[in-house]
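Trainee: Here it is, the structure, as structure tokens.
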Amino acid sequence: MKRRNFLQALNVGIASAALLDTKLYGMPLDRLYVPTLDDKELGYHTIQSIKFSNVRLQYPRLVGKNARLDLHGYGPRVEICVIQTDKGAKGWASLRGSRREAEEVAKDLIGKKVSDVFQVSVGTINNRHIPYDMALHDLAGVILNKPVYALLGKETPEIVDCYSGMIYFDDLEPAQNPSGIDKILEECRFDYEMGYRQFKLKIGRGNRWMSFKEGMQRDIDVTKKVAQAFPDCDVLVDGNNGFSVEEFIVYMKGISGVNLFWIEEPFHETIVDYEKLGGWLKSEGIKTLLADGEADPDQDFLKKLIERKLIDIHLTDIEGLGFTNWRKLMPELKRLGAQASPHAWGSLLKTHYTAHLTGGLGNTITIEGVSSTSDDVDLSGYKLEKGKLVPPATPGFGMPLLISV
């Protein structure tokens with residue numbers, strides 16, 4: 001996949017075929033509707049206009065390769081929408097899906113009361129309007145003068161860890177004069193100073209970028225050196241499906257003594273392979289969490305893996321699944337004894353949306369951090385303190401636009 005298309009895909013979320021899938025783990029959205037007093041307040045507002053634009057997010061450094069994909073660049077340009085009511089209230093957010101899809105359903109929203117398309121206890125009611133899912137949550141928060149986490153039921157948000165998700169194969173760059181492992185340690189130190197106390201390391205160099213033997217050894221060396229250099233931090237690893245189960249066990253043997261916080265997508269998920277990995281981990285007395293569900297997620301199959309206790313953490317993208325669908329899913333994960341960490345890579349906006357989902361519903365073990373700055377969005381309300389991400393108490397998602405739309 002070309003880098004430009006890849007970055008676009010990240011910001012769109014998971015494939016559009018999943019946009020209208022509402023079966024998932026719960027009931028159809030329209031059966032969950034129970035009006036509240038807040039909904040009456042939303043009913044005083046009629047959607048007057050929907051406008052589209054984009055915002056630029058800038059990473060603090062070039063983000064390199066992972067096991068499958070080439071350079072990830074310096075940050076995305078994210079498609080957004082701004083919804084305004086007849087009383088002047090505005091809500092904005094990134095689109096769920098493409099702008100083309102959003103424009104097709106925009107006319108359905110114009111002239112409708114906000115309470116006709118969004119209910120506080122549910123989220124977005126009609127699946128056709130799901131491209132505006134994030135923006136409708138922001139708008140409702142603005143109208144009700146509440147942060148989104150409060151709409152979800154918590155006056156004081158639940159605060160959890162936030163890991164740096166930006167440590168890629170930067171030891172391999174630049175191609176003509178690779179930086180080596182010291183580059184990874186430098187990036188970890190930078191992220192540590194930013195406030196992170198968890199580092200997610202990309203592994204799987206031997207899948208595409210190095211010979212299998214050399215790539216495996218580099219993965220092992222990077223993991224061990226980061227763990228040694230930052231003993232007060234958690235180490236997470238993400239294979240991006242770049243291993244076979246047998247290869248991944250070789251990696252695990254190579255890092256013997258390193259206590260991983262979690263293992264993410266080591267190989268394409270199957271019951272047989274996760275049973276084999278889980279059995280090996282148990283035989284070795286290794287207690288680490290298994291996380292999956294980012295790449296091409298099959299929600300029914302993920303549920304089977306969770307029910308069989310083969311994975312611990314559900315990873316599907318916060319935009320790809322959708323904020324409303326995540327609200328439906330979280331209670332079911334709790335019932336099954338699993339936790340969440342919605343995929344947020346590509347856009348810091350997604351990190352911040354996840355902070356509100358977590359703040360209101362809990363059951364999230366850690367949040368994916370995508371450090372960025374922007375001249376287009378005021379991101380200053382969010383604080384990373386001693387490894388934990390604290391969302392602002394301001395209305396909606398608390399990220400004022402700095403551009404005119």
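In the structure tokens, each chain is lettered A, B, ... as it comes, each chain's residues begin at 1, and ligands are numbered from 1 in order of appearance.
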Do you know which residues are at most 10 Å from Val245 in chain A counting only C-alpha atoms, after dropping those on the same chain fewer than 6 positions away, and could you put them as number ranges by chain?
Mentor: A: 251, 266-269, 272-277
Trainee: As number ranges by chain, please: every residue in range 104-338 of chain A that a backbone DSSP assignment puts in helix (DSSP H, G or I).
Mentor: A: 104-109, 114-117, 127-144, 148-151, 170-172, 181-194, 205-207, 212-229, 245-254, 271-283, 299-307, 318-321, 323-336
Trainee: Find the residues around Gly239 in chain A up to 12 Å (only C-alpha atoms counted), leave out those fewer than 2 positions away in its own chain, and share them as a PyMOL selection string.
Mentor: chain A and resi 65-69+168-169+200-207+216+219+236-237+241-245+247-248+251-252+262-269+290-292+294-295
Trainee: For Lys303 in chain A, which residue out of A:Gln48, A:Gly398, A:Leu336, A:Gln228 is the nearest one, using only C-alpha atoms?
Mentor: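 Answer, going by the shortest atom-to-atom distance: A:Leu336.
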Trainee: Determine, counting only C-alpha atoms, which protein, DNA and RNA residues have an atom within 10 Å of an atom of Tyr192 in chain A; residues of the same chain fewer than 3 positions away are not included. Present the result as an MDAnalysis selection string.
Mentor: chainID A and resid 164 186:189 195:199 230 233 386:387
Trainee: What does the structure give for the distance between CA of Glu246 in chain A and CA of Arg218 in chain A, in Å to one decimal?
Mentor: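 Straight-line distance from CA of Glu246 in chain A to CA of Arg218 in chain A works out to 17.5 Å.
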Trainee: Step one, run DSSP on the backbone; step two, keep only residues of range 233-400 of chain A assigned to strand (DSSP E or B); then write them as a ChimeraX atom specification.
Mentor: /A:234-238,260-264,289-292,313-314,339-340,364,366-369,373,377,383-385,388-390,396
